$ cat final_38.csv   # CSV, C-alpha atoms
chain,number,residue,atom,x,y,z
A,1,MET,CA,8.6,-59.5,101.6
A,2,SER,CA,7.3,-56.0,101.6
A,3,THR,CA,3.6,-55.4,102.0
A,4,ASP,CA,3.7,-52.5,99.6
A,5,HIS,CA,1.9,-52.7,96.2
A,6,ILE,CA,3.9,-53.5,93.2
A,7,SER,CA,5.6,-50.4,91.7
A,8,PRO,CA,8.1,-49.9,88.8
A,9,GLU,CA,10.7,-49.0,91.4
A,10,ARG,CA,10.0,-51.6,94.1
A,11,PRO,CA,8.1,-54.7,92.9
A,12,GLY,CA,6.2,-56.7,95.4
A,13,LEU,CA,2.9,-58.3,96.2
A,14,ALA,CA,0.6,-57.4,99.1
A,15,ALA,CA,0.8,-61.0,100.2
A,16,PRO,CA,2.2,-64.1,98.4
A,17,PRO,CA,-0.4,-66.0,96.3
A,18,PRO,CA,-0.9,-69.5,97.6
A,19,ALA,CA,1.3,-72.3,96.1
A,20,LEU,CA,-0.5,-74.3,93.4
A,21,GLY,CA,0.5,-77.8,94.3
A,22,GLY,CA,-1.9,-80.7,94.7
A,23,ALA,CA,-4.3,-82.5,92.4
A,24,HIS,CA,-6.4,-80.3,90.2
A,25,PRO,CA,-8.1,-80.8,86.7
A,26,GLU,CA,-6.7,-77.6,85.2
A,27,PRO,CA,-3.1,-77.5,83.9
A,28,LEU,CA,-0.7,-75.8,86.3
A,29,TRP,CA,0.1,-72.9,84.0
A,30,ILE,CA,-3.6,-72.0,83.7
A,31,ARG,CA,-3.9,-72.0,87.5
A,32,ALA,CA,-0.8,-69.8,87.8
A,33,LYS,CA,-2.3,-67.4,85.1
A,34,THR,CA,-5.6,-67.3,87.0
A,35,ALA,CA,-3.9,-66.6,90.4
A,36,LEU,CA,-1.9,-63.7,88.9
A,37,GLU,CA,-4.9,-62.3,86.9
A,38,THR,CA,-7.0,-62.3,90.1
A,39,ARG,CA,-4.5,-60.2,92.0
A,40,ILE,CA,-4.4,-57.7,89.1
A,41,ALA,CA,-8.2,-57.6,88.7
A,42,VAL,CA,-8.8,-56.7,92.3
A,43,GLY,CA,-6.3,-53.8,92.1
A,44,GLU,CA,-3.6,-55.3,94.2
A,45,VAL,CA,-1.2,-54.9,91.3
A,46,LYS,CA,-1.7,-51.5,89.7
A,47,PRO,CA,-1.6,-50.7,85.9
A,48,GLY,CA,1.9,-49.7,84.9
A,49,SER,CA,3.5,-51.6,87.8
A,50,ARG,CA,6.2,-54.2,87.5
A,51,LEU,CA,5.8,-57.8,88.7
A,52,PRO,CA,8.3,-59.3,91.1
A,53,PRO,CA,11.3,-61.1,89.5
A,54,GLU,CA,10.4,-64.5,87.9
A,55,ARG,CA,12.4,-66.3,90.6
A,56,GLU,CA,10.2,-64.9,93.3
A,57,LEU,CA,7.0,-65.6,91.4
A,58,CYS,CA,8.1,-69.2,90.9
A,59,GLN,CA,8.8,-69.6,94.7
A,60,MET,CA,5.5,-68.0,95.6
A,61,LEU,CA,3.5,-70.2,93.3
A,62,GLY,CA,5.5,-73.3,93.7
A,63,ILE,CA,6.0,-73.8,89.9
A,64,SER,CA,8.9,-74.0,87.5
A,65,ARG,CA,10.1,-71.1,85.4
A,66,VAL,CA,8.8,-72.8,82.2
A,67,THR,CA,5.3,-73.0,83.7
A,68,LEU,CA,5.5,-69.4,84.9
A,69,ARG,CA,6.6,-68.2,81.4
A,70,LYS,CA,3.7,-69.9,79.8
A,71,ALA,CA,1.3,-68.2,82.2
A,72,LEU,CA,2.9,-64.8,81.7
A,73,THR,CA,3.0,-65.1,78.0
A,74,ALA,CA,-0.8,-65.9,77.9
A,75,LEU,CA,-1.4,-62.8,80.0
A,76,VAL,CA,0.6,-60.8,77.5
A,77,ASP,CA,-1.5,-62.2,74.6
A,78,GLU,CA,-4.6,-61.1,76.4
A,79,GLY,CA,-3.3,-57.6,77.0
A,80,VAL,CA,-3.2,-58.0,80.8
A,81,LEU,CA,0.6,-57.8,80.9
A,82,ARG,CA,3.4,-56.4,78.7
A,83,ALA,CA,7.0,-57.6,78.5
A,84,ALA,CA,9.8,-55.1,78.6
A,85,GLN,CA,13.0,-56.8,77.4
A,86,GLY,CA,15.6,-56.9,80.2
A,87,ARG,CA,13.3,-55.1,82.6
A,88,GLY,CA,10.6,-57.6,83.5
A,89,TRP,CA,6.8,-57.9,83.2
A,90,TYR,CA,4.5,-54.9,83.6
A,91,VAL,CA,0.7,-54.7,84.2
A,92,GLY,CA,-0.8,-53.2,81.0
A,93,ALA,CA,-3.2,-50.3,80.9
A,94,PRO,CA,-6.8,-50.8,79.9
A,95,GLU,CA,-7.3,-50.6,76.1
A,96,ARG,CA,-10.6,-48.7,76.2
A,97,LYS,CA,-9.0,-45.3,75.7
A,98,GLU,CA,-9.3,-43.9,72.2
A,99,TRP,CA,-8.8,-40.6,70.5
A,100,PRO,CA,-12.1,-38.9,69.5
A,101,ASN,CA,-13.1,-37.8,66.1
A,102,THR,CA,-13.6,-34.3,67.4
A,103,LEU,CA,-11.1,-31.8,68.9
A,104,GLU,CA,-10.8,-32.6,72.6
A,105,SER,CA,-8.2,-31.9,75.2
A,106,PHE,CA,-6.6,-34.8,77.0
A,107,SER,CA,-8.6,-34.0,80.2
A,108,GLU,CA,-11.9,-33.9,78.2
A,109,THR,CA,-11.2,-37.3,76.7
A,110,ALA,CA,-10.4,-38.7,80.1
A,111,ARG,CA,-13.7,-37.4,81.6
A,112,ARG,CA,-15.6,-38.9,78.7
A,113,MET,CA,-14.0,-42.3,79.4
A,114,GLY,CA,-14.6,-42.0,83.2
A,115,LEU,CA,-10.9,-41.7,84.0
A,116,LEU,CA,-8.9,-39.2,86.0
A,117,ALA,CA,-6.4,-37.1,84.1
A,118,THR,CA,-3.3,-35.8,86.0
A,119,SER,CA,0.1,-34.6,85.0
A,120,ARG,CA,3.7,-34.4,86.3
A,121,VAL,CA,5.1,-31.1,85.2
A,122,LEU,CA,8.6,-31.4,83.8
A,123,ARG,CA,9.1,-27.8,82.6
A,124,ARG,CA,7.2,-24.5,82.5
A,125,GLU,CA,8.9,-21.3,81.4
A,126,PRO,CA,8.8,-18.6,78.8
A,127,GLY,CA,11.4,-18.5,76.1
A,128,PRO,CA,12.1,-17.1,72.6
A,129,ALA,CA,10.6,-18.8,69.6
A,130,SER,CA,13.0,-20.7,67.3
A,131,PHE,CA,12.7,-20.2,63.6
A,132,ASP,CA,10.5,-23.2,63.1
A,133,GLU,CA,8.3,-22.3,66.1
A,134,ALA,CA,7.9,-18.7,64.8
A,135,GLU,CA,6.9,-20.1,61.4
A,136,ALA,CA,4.2,-22.3,63.0
A,137,PHE,CA,2.8,-19.4,65.0
A,138,GLN,CA,3.2,-16.8,62.2
A,139,ILE,CA,5.3,-14.6,64.4
A,140,ALA,CA,8.9,-13.2,64.3
A,141,PRO,CA,11.7,-15.5,65.6
A,142,GLY,CA,12.6,-14.6,69.1
A,143,THR,CA,9.0,-13.7,70.0
A,144,PRO,CA,8.3,-15.0,73.6
A,145,LEU,CA,6.4,-18.3,73.8
A,146,TYR,CA,5.3,-20.1,77.0
A,147,ARG,CA,6.7,-23.7,77.2
A,148,LEU,CA,4.9,-26.4,79.2
A,149,GLU,CA,6.1,-30.0,79.3
A,150,ARG,CA,4.2,-32.6,81.2
A,151,VAL,CA,3.9,-36.4,81.7
A,152,ARG,CA,0.2,-37.0,81.1
A,153,MET,CA,-1.4,-39.8,83.2
A,154,LEU,CA,-4.8,-41.6,83.2
A,155,ASP,CA,-5.7,-43.1,86.6
A,156,GLY,CA,-2.1,-42.7,87.6
A,157,VAL,CA,-0.7,-44.6,84.5
A,158,PRO,CA,1.7,-42.6,82.4
A,159,ILE,CA,0.2,-42.4,78.9
A,160,ALA,CA,2.1,-39.6,77.1
A,161,VAL,CA,4.7,-36.8,77.3
A,162,ASP,CA,3.2,-33.5,76.1
A,163,HIS,CA,5.3,-30.5,75.0
A,164,SER,CA,3.1,-27.5,74.4
A,165,LEU,CA,3.8,-24.0,73.3
A,166,VAL,CA,1.5,-21.0,73.8
A,167,PRO,CA,2.1,-17.3,72.7
A,168,ALA,CA,3.3,-15.5,75.8
A,169,ASP,CA,0.9,-12.7,75.3
A,170,ILE,CA,-2.1,-15.0,75.9
A,171,ALA,CA,-0.4,-17.1,78.7
A,172,TYR,CA,-1.5,-14.6,81.3
A,173,GLY,CA,-1.0,-16.0,84.9
A,174,PHE,CA,0.2,-19.4,83.7
A,175,ASP,CA,2.9,-19.5,86.4
A,176,GLU,CA,0.2,-19.6,89.0
A,177,VAL,CA,-1.8,-22.4,87.4
A,178,ASP,CA,-1.6,-25.9,88.9
A,179,PHE,CA,-1.0,-27.9,85.7
A,180,THR,CA,-0.8,-31.1,87.6
A,181,THR,CA,-4.6,-31.2,87.5
A,182,ARG,CA,-5.6,-28.2,85.4
A,183,SER,CA,-6.3,-28.6,81.6
A,184,LEU,CA,-4.3,-26.3,79.3
A,185,TYR,CA,-7.3,-26.1,76.9
A,186,GLU,CA,-9.6,-25.0,79.8
A,187,THR,CA,-7.0,-22.5,81.0
A,188,ILE,CA,-6.8,-20.9,77.5
A,189,ALA,CA,-10.6,-20.9,77.1
A,190,GLY,CA,-11.0,-19.3,80.5
A,191,LEU,CA,-9.0,-16.4,79.3
A,192,GLY,CA,-11.5,-15.8,76.5
A,193,PHE,CA,-9.8,-17.6,73.7
A,194,GLU,CA,-11.6,-20.2,71.6
A,195,LEU,CA,-9.8,-23.3,70.4
A,196,VAL,CA,-11.7,-24.4,67.3
A,197,GLN,CA,-9.6,-26.3,64.7
A,198,ALA,CA,-6.4,-28.3,64.7
A,199,ASP,CA,-4.0,-29.3,62.0
A,200,THR,CA,-2.7,-32.7,63.0
A,201,THR,CA,0.1,-35.1,61.9
A,202,ILE,CA,0.7,-38.5,63.5
A,203,GLU,CA,3.7,-40.7,63.0
A,204,ALA,CA,5.6,-43.5,64.7
A,205,ARG,CA,9.0,-42.8,66.3
A,206,PRO,CA,11.3,-44.7,68.5
A,207,ALA,CA,11.4,-43.6,72.1
A,208,ASP,CA,14.7,-42.1,73.3
A,209,ALA,CA,16.0,-42.9,76.8
A,210,ALA,CA,14.4,-39.9,78.4
A,211,LEU,CA,11.0,-40.5,77.0
A,212,ALA,CA,11.2,-44.2,77.7
A,213,GLY,CA,12.0,-43.4,81.3
A,214,HIS,CA,8.9,-41.1,81.7
A,215,LEU,CA,6.6,-43.8,80.1
A,216,ALA,CA,8.2,-46.8,81.8
A,217,ILE,CA,8.9,-48.5,78.4
A,218,ALA,CA,12.1,-49.7,76.8
A,219,ALA,CA,14.2,-47.3,74.8
A,220,GLY,CA,13.6,-47.7,71.1
A,221,THR,CA,10.0,-48.8,71.6
A,222,PRO,CA,7.7,-47.2,69.0
A,223,VAL,CA,5.6,-44.3,70.2
A,224,LEU,CA,2.9,-42.3,68.5
A,225,ASP,CA,4.0,-38.7,68.0
A,226,MET,CA,0.9,-36.5,67.5
A,227,ARG,CA,1.8,-32.9,66.5
A,228,GLN,CA,-0.9,-30.2,66.4
A,229,ILE,CA,-1.3,-26.6,65.7
A,230,VAL,CA,-4.6,-25.4,67.2
A,231,ARG,CA,-6.3,-22.3,65.9
A,232,ASP,CA,-9.2,-19.9,66.8
A,233,ARG,CA,-12.0,-19.0,64.4
A,234,ALA,CA,-9.8,-16.3,62.9
A,235,GLN,CA,-7.2,-18.9,62.2
A,236,ARG,CA,-4.7,-17.5,64.6
A,237,PRO,CA,-2.5,-20.3,66.1
A,238,LEU,CA,-3.0,-20.4,69.8
A,239,LEU,CA,-1.3,-23.7,70.7
A,240,SER,CA,1.3,-26.0,69.3
A,241,SER,CA,1.8,-29.4,70.9
A,242,SER,CA,3.8,-32.5,70.4
A,243,ILE,CA,2.3,-35.4,72.4
A,244,ARG,CA,4.2,-38.7,72.3
A,245,TYR,CA,1.9,-41.6,73.4
A,246,ALA,CA,3.0,-45.0,74.6
A,247,GLY,CA,1.8,-47.1,71.6
A,248,ASP,CA,0.2,-49.8,73.7
A,249,ARG,CA,-1.9,-47.5,75.8
A,250,TYR,CA,-3.8,-45.4,73.3
A,251,ARG,CA,-5.7,-46.0,70.1
A,252,LEU,CA,-6.6,-43.8,67.2
A,253,ARG,CA,-10.1,-44.2,65.8
A,254,THR,CA,-11.4,-42.3,62.8
A,255,SER,CA,-13.8,-42.8,59.9
A,256,PHE,CA,-13.6,-42.2,56.2
A,257,MET,CA,-16.3,-41.6,53.5
A,258,ARG,CA,-15.9,-42.2,49.8
A,259,ASN,CA,-16.8,-39.3,47.5
A,260,ALA,CA,-19.8,-40.0,45.3
A,261,GLY,CA,-19.1,-40.9,41.7
A,262,LEU,CA,-15.5,-42.2,42.4
$ encode --input "final_38.csv" --output "structure tokens"
Amino acid sequence: MSTDHISPERPGLAAPPPALGGAHPEPLWIRAKTALETRIAVGEVKPGSRLPPERELCQMLGISRVTLRKALTALVDEGVLRAAQGRGWYVGAPERKEWPNTLESFSETARRMGLLATSRVLRREPGPASFDEAEAFQIAPGTPLYRLERVRMLDGVPIAVDHSLVPADIAYGFDEVDFTTRSLYETIAGLGFELVQADTTIEARPADAALAGHLAIAAGTPVLDMRQIVRDRAQRPLLSSSIRYAGDRYRLRTSFMRNAGL
């Protein structure tokens, strides 16, 4: 057995957990659940990683598949694991990450939550605006836009795929920026532009195969698609983004007030 940590590509445990045989007052499935939960809690199995196949887990723990399934299902119910049909059991991400009620970048939200935001850049290039893109930016079709597509991660766990557009005339020096760690909001602000207000729509959509691969979820799984047009104080659109979040790894929080007299 490999001594590598579990990963989506190559599952494994740092060391096999001890078999659970022998007399004990707790049911066997609870002891199996506790043994797996302990390995996850100490960081031996990372968030977003896949557990070894059920057959290997049964051999490690000395239990039947029925007993193992009961333990794994209980961990899913508690949010510790998530099941991907046909792909196995994955360690879930912490559920303490929420969207704020104020306009924040992904990196700012991460810092507020005490997490590290990083990205894997999929695409970064200028290109002509389509008709719909030109309408959103209030520019002529064909006007250059800078396109940036990234897999956004929190503490190494893939959370979302972000496709952002910025007018090319303000994307000065973007090709030299390290967007694996640099915030797009902070980059734009550093050029003297102020991101003040965003028009936002959020809807659920099924993940296609490419998106599912980036987020390590099953194709067809619902994701939250948040689309924003971010403007400056003069209402000029400075940024358009479509951020598709894994639905089990992010939460939207807001508040409502009732108008007086209604």
$ closest_residue --input "final_38.csv" --among "A:Ala84, A:Val166, A:Leu191, A:Val45" --to "Ala219 (chain A)" --atoms "only C-alpha atoms"
A:Ala84
$ atom_distance --input "final_38.csv" --atom1 "CA of Arg231 (chain A)" --atom2 "CA of Leu165 (chain A)"
12.6 Å
$ closest_residue --input "final_38.csv" --among "A:Glu125, A:Asp232, A:Asp175, A:Asp132" --to "Asp199 (chain A)" --atoms "only C-alpha atoms"
A:Asp232
$ closest_atom_pairs --input "final_38.csv" --of "region 160-238 of chain A" --to "region 140-151 of chain A" --cutoff "9 Å" --atoms "all atoms listed in the file" --output "JSON lines"
{"residue": "A:Ala160", "atom": "CA", "partner": "A:Val151", "partner_atom": "CA", "distance": 5.9}
{"residue": "A:Val161", "atom": "CA", "partner": "A:Val151", "partner_atom": "CA", "distance": 4.5}
{"residue": "A:Asp162", "atom": "CA", "partner": "A:Arg150", "partner_atom": "CA", "distance": 5.3}
{"residue": "A:His163", "atom": "CA", "partner": "A:Glu149", "partner_atom": "CA", "distance": 4.4}
{"residue": "A:Ser164", "atom": "CA", "partner": "A:Leu148", "partner_atom": "CA", "distance": 5.2}
{"residue": "A:Leu165", "atom": "CA", "partner": "A:Arg147", "partner_atom": "CA", "distance": 4.9}
{"residue": "A:Val166", "atom": "CA", "partner": "A:Tyr146", "partner_atom": "CA", "distance": 5.0}
{"residue": "A:Pro167", "atom": "CA", "partner": "A:Leu145", "partner_atom": "CA", "distance": 4.5}
{"residue": "A:Ala168", "atom": "CA", "partner": "A:Leu145", "partner_atom": "CA", "distance": 4.6}
{"residue": "A:Asp169", "atom": "CA", "partner": "A:Pro144", "partner_atom": "CA", "distance": 7.9}
{"residue": "A:Ala171", "atom": "CA", "partner": "A:Tyr146", "partner_atom": "CA", "distance": 6.7}
{"residue": "A:Phe174", "atom": "CA", "partner": "A:Tyr146", "partner_atom": "CA", "distance": 8.4}
{"residue": "A:Phe179", "atom": "CA", "partner": "A:Arg150", "partner_atom": "CA", "distance": 8.3}
{"residue": "A:Thr180", "atom": "CA", "partner": "A:Arg150", "partner_atom": "CA", "distance": 8.3}
{"residue": "A:His214", "atom": "CA", "partner": "A:Val151", "partner_atom": "CA", "distance": 6.9}
{"residue": "A:Leu215", "atom": "CA", "partner": "A:Val151", "partner_atom": "CA", "distance": 8.0}
$ atom_distance --input "final_38.csv" --atom1 "CA of Thr187 (chain A)" --atom2 "CA of Thr102 (chain A)"
19.2 Å
$ closest_residue --input "final_38.csv" --among "A:Ile217, A:Val66, A:Ala74, A:Ile139" --to "Leu36 (chain A)" --atoms "all atoms listed in the file"
A:Ala74
$ atom_distance --input "final_38.csv" --atom1 "CA of Arg120 (chain A)" --atom2 "CA of Glu108 (chain A)"
17.6 Å
$ closest_residue --input "final_38.csv" --among "A:Tyr172, A:Phe193, A:Tyr250, A:Phe137" --to "Ala110 (chain A)" --atoms "all atoms listed in the file"
A:Tyr250
$ closest_residue --input "final_38.csv" --among "A:Ser130, A:Ser49, A:Ser240, A:Thr118" --to "Arg82 (chain A)" --atoms "all atoms listed in the file"
A:Ser49
$ closest_residue --input "final_38.csv" --among "A:Ala212, A:Pro237, A:Leu122, A:Ile202" --to "Leu224 (chain A)" --atoms "all atoms listed in the file"
A:Ile202
$ residues_near_point --input "final_38.csv" --point "(-14.1, -17.7, 61.0)" --cutoff "12 Å" --atoms "only C-alpha atoms" --output "list in words"
Glu194, Leu195, Val196, Gln197, Arg231, Asp232, Arg233, Ala234, Gln235 and Arg236 of chain A
$ residues_around --input "final_38.csv" --residues "Val80 (chain A)" --least-positions-apart "3" --cutoff "7 Å" --atoms "all atoms listed in the file" --output "JSON, numbers by chain"
{"A": [75, 76, 91, 92]}
$ decode --input "final_38.csv" --residues "region 30-42 of chain A" --atoms "all heavy atoms" --output "PDB file, in the first residue's frame"
ATOM      1  N   ILE A  30     -20.115   1.845  14.245  1.00  0.00           N
ATOM      2  CA  ILE A  30     -19.749   3.100  14.912  1.00  0.00           C
ATOM      3  C   ILE A  30     -18.243   3.171  15.094  1.00  0.00           C
ATOM      4  O   ILE A  30     -17.618   4.220  14.910  1.00  0.00           O
ATOM      5  CB  ILE A  30     -20.473   3.228  16.264  1.00  0.00           C
ATOM      6  CG1 ILE A  30     -21.977   3.433  16.032  1.00  0.00           C
ATOM      7  CG2 ILE A  30     -19.900   4.391  17.082  1.00  0.00           C
ATOM      8  CD1 ILE A  30     -22.783   3.601  17.303  1.00  0.00           C
ATOM      9  N   ARG A  31     -17.629   2.030  15.437  1.00  0.00           N
ATOM     10  CA  ARG A  31     -16.180   2.015  15.591  1.00  0.00           C
ATOM     11  C   ARG A  31     -15.487   2.249  14.259  1.00  0.00           C
ATOM     12  O   ARG A  31     -14.457   2.936  14.173  1.00  0.00           O
ATOM     13  CB  ARG A  31     -15.759   0.693  16.212  1.00  0.00           C
ATOM     14  CG  ARG A  31     -16.228   0.563  17.672  1.00  0.00           C
ATOM     15  CD  ARG A  31     -16.331  -0.870  18.126  1.00  0.00           C
ATOM     16  NE  ARG A  31     -15.071  -1.578  18.005  1.00  0.00           N
ATOM     17  CZ  ARG A  31     -14.960  -2.908  18.054  1.00  0.00           C
ATOM     18  NH1 ARG A  31     -16.044  -3.654  18.187  1.00  0.00           N
ATOM     19  NH2 ARG A  31     -13.786  -3.472  17.957  1.00  0.00           N
ATOM     20  N   ALA A  32     -16.056   1.702  13.166  1.00  0.00           N
ATOM     21  CA  ALA A  32     -15.501   1.952  11.835  1.00  0.00           C
ATOM     22  C   ALA A  32     -15.643   3.421  11.473  1.00  0.00           C
ATOM     23  O   ALA A  32     -14.703   4.045  10.931  1.00  0.00           O
ATOM     24  CB  ALA A  32     -16.222   1.081  10.804  1.00  0.00           C
ATOM     25  N   LYS A  33     -16.783   3.997  11.761  1.00  0.00           N
ATOM     26  CA  LYS A  33     -17.024   5.418  11.496  1.00  0.00           C
ATOM     27  C   LYS A  33     -16.012   6.274  12.255  1.00  0.00           C
ATOM     28  O   LYS A  33     -15.420   7.203  11.708  1.00  0.00           O
ATOM     29  CB  LYS A  33     -18.449   5.776  11.893  1.00  0.00           C
ATOM     30  CG  LYS A  33     -18.765   7.265  11.905  1.00  0.00           C
ATOM     31  CD  LYS A  33     -20.220   7.481  12.321  1.00  0.00           C
ATOM     32  CE  LYS A  33     -20.523   8.960  12.535  1.00  0.00           C
ATOM     33  NZ  LYS A  33     -19.843   9.521  13.694  1.00  0.00           N
ATOM     34  N   THR A  34     -15.792   5.960  13.530  1.00  0.00           N
ATOM     35  CA  THR A  34     -14.861   6.718  14.357  1.00  0.00           C
ATOM     36  C   THR A  34     -13.432   6.604  13.830  1.00  0.00           C
ATOM     37  O   THR A  34     -12.680   7.581  13.782  1.00  0.00           O
ATOM     38  CB  THR A  34     -14.921   6.234  15.819  1.00  0.00           C
ATOM     39  OG1 THR A  34     -16.252   6.413  16.303  1.00  0.00           O
ATOM     40  CG2 THR A  34     -13.956   7.018  16.694  1.00  0.00           C
ATOM     41  N   ALA A  35     -13.047   5.388  13.410  1.00  0.00           N
ATOM     42  CA  ALA A  35     -11.688   5.175  12.899  1.00  0.00           C
ATOM     43  C   ALA A  35     -11.436   6.018  11.650  1.00  0.00           C
ATOM     44  O   ALA A  35     -10.396   6.666  11.518  1.00  0.00           O
ATOM     45  CB  ALA A  35     -11.469   3.698  12.597  1.00  0.00           C
ATOM     46  N   LEU A  36     -12.412   6.044  10.730  1.00  0.00           N
ATOM     47  CA  LEU A  36     -12.258   6.835   9.509  1.00  0.00           C
ATOM     48  C   LEU A  36     -12.317   8.328   9.811  1.00  0.00           C
ATOM     49  O   LEU A  36     -11.540   9.119   9.268  1.00  0.00           O
ATOM     50  CB  LEU A  36     -13.351   6.457   8.518  1.00  0.00           C
ATOM     51  CG  LEU A  36     -13.271   5.039   7.947  1.00  0.00           C
ATOM     52  CD1 LEU A  36     -14.524   4.706   7.155  1.00  0.00           C
ATOM     53  CD2 LEU A  36     -12.029   4.875   7.077  1.00  0.00           C
ATOM     54  N   GLU A  37     -13.223   8.708  10.696  1.00  0.00           N
ATOM     55  CA  GLU A  37     -13.377  10.124  11.043  1.00  0.00           C
ATOM     56  C   GLU A  37     -12.104  10.671  11.682  1.00  0.00           C
ATOM     57  O   GLU A  37     -11.719  11.816  11.448  1.00  0.00           O
ATOM     58  CB  GLU A  37     -14.561  10.276  11.998  1.00  0.00           C
ATOM     59  CG  GLU A  37     -15.108  11.672  12.105  1.00  0.00           C
ATOM     60  CD  GLU A  37     -16.432  11.704  12.830  1.00  0.00           C
ATOM     61  OE1 GLU A  37     -16.754  10.722  13.537  1.00  0.00           O
ATOM     62  OE2 GLU A  37     -17.153  12.698  12.697  1.00  0.00           O
ATOM     63  N   THR A  38     -11.443   9.854  12.485  1.00  0.00           N
ATOM     64  CA  THR A  38     -10.203  10.281  13.134  1.00  0.00           C
ATOM     65  C   THR A  38      -9.119  10.550  12.108  1.00  0.00           C
ATOM     66  O   THR A  38      -8.395  11.547  12.191  1.00  0.00           O
ATOM     67  CB  THR A  38      -9.724   9.202  14.127  1.00  0.00           C
ATOM     68  OG1 THR A  38     -10.725   9.022  15.141  1.00  0.00           O
ATOM     69  CG2 THR A  38      -8.409   9.615  14.783  1.00  0.00           C
ATOM     70  N   ARG A  39      -8.991   9.663  11.112  1.00  0.00           N
ATOM     71  CA  ARG A  39      -7.962   9.864  10.091  1.00  0.00           C
ATOM     72  C   ARG A  39      -8.216  11.150   9.299  1.00  0.00           C
ATOM     73  O   ARG A  39      -7.296  11.839   8.892  1.00  0.00           O
ATOM     74  CB  ARG A  39      -7.928   8.667   9.128  1.00  0.00           C
ATOM     75  CG  ARG A  39      -7.789   7.311   9.835  1.00  0.00           C
ATOM     76  CD  ARG A  39      -6.495   7.225  10.659  1.00  0.00           C
ATOM     77  NE  ARG A  39      -5.337   6.896   9.872  1.00  0.00           N
ATOM     78  CZ  ARG A  39      -4.822   5.667   9.778  1.00  0.00           C
ATOM     79  NH1 ARG A  39      -5.387   4.663  10.411  1.00  0.00           N
ATOM     80  NH2 ARG A  39      -3.739   5.456   9.056  1.00  0.00           N
ATOM     81  N   ILE A  40      -9.492  11.454   9.080  1.00  0.00           N
ATOM     82  CA  ILE A  40      -9.841  12.682   8.360  1.00  0.00           C
ATOM     83  C   ILE A  40      -9.569  13.901   9.227  1.00  0.00           C
ATOM     84  O   ILE A  40      -9.023  14.907   8.768  1.00  0.00           O
ATOM     85  CB  ILE A  40     -11.322  12.630   7.928  1.00  0.00           C
ATOM     86  CG1 ILE A  40     -11.527  11.528   6.883  1.00  0.00           C
ATOM     87  CG2 ILE A  40     -11.775  13.983   7.377  1.00  0.00           C
ATOM     88  CD1 ILE A  40     -12.970  11.198   6.597  1.00  0.00           C
ATOM     89  N   ALA A  41      -9.920  13.823  10.517  1.00  0.00           N
ATOM     90  CA  ALA A  41      -9.786  14.970  11.418  1.00  0.00           C
ATOM     91  C   ALA A  41      -8.342  15.398  11.603  1.00  0.00           C
ATOM     92  O   ALA A  41      -8.048  16.594  11.747  1.00  0.00           O
ATOM     93  CB  ALA A  41     -10.419  14.646  12.776  1.00  0.00           C
ATOM     94  N   VAL A  42      -7.417  14.459  11.598  1.00  0.00           N
ATOM     95  CA  VAL A  42      -6.008  14.803  11.808  1.00  0.00           C
ATOM     96  C   VAL A  42      -5.322  15.229  10.506  1.00  0.00           C
ATOM     97  O   VAL A  42      -4.134  15.527  10.492  1.00  0.00           O
ATOM     98  CB  VAL A  42      -5.234  13.627  12.450  1.00  0.00           C
ATOM     99  CG1 VAL A  42      -5.822  13.269  13.791  1.00  0.00           C
ATOM    100  CG2 VAL A  42      -5.202  12.416  11.524  1.00  0.00           C
TER     101      VAL A  42
END
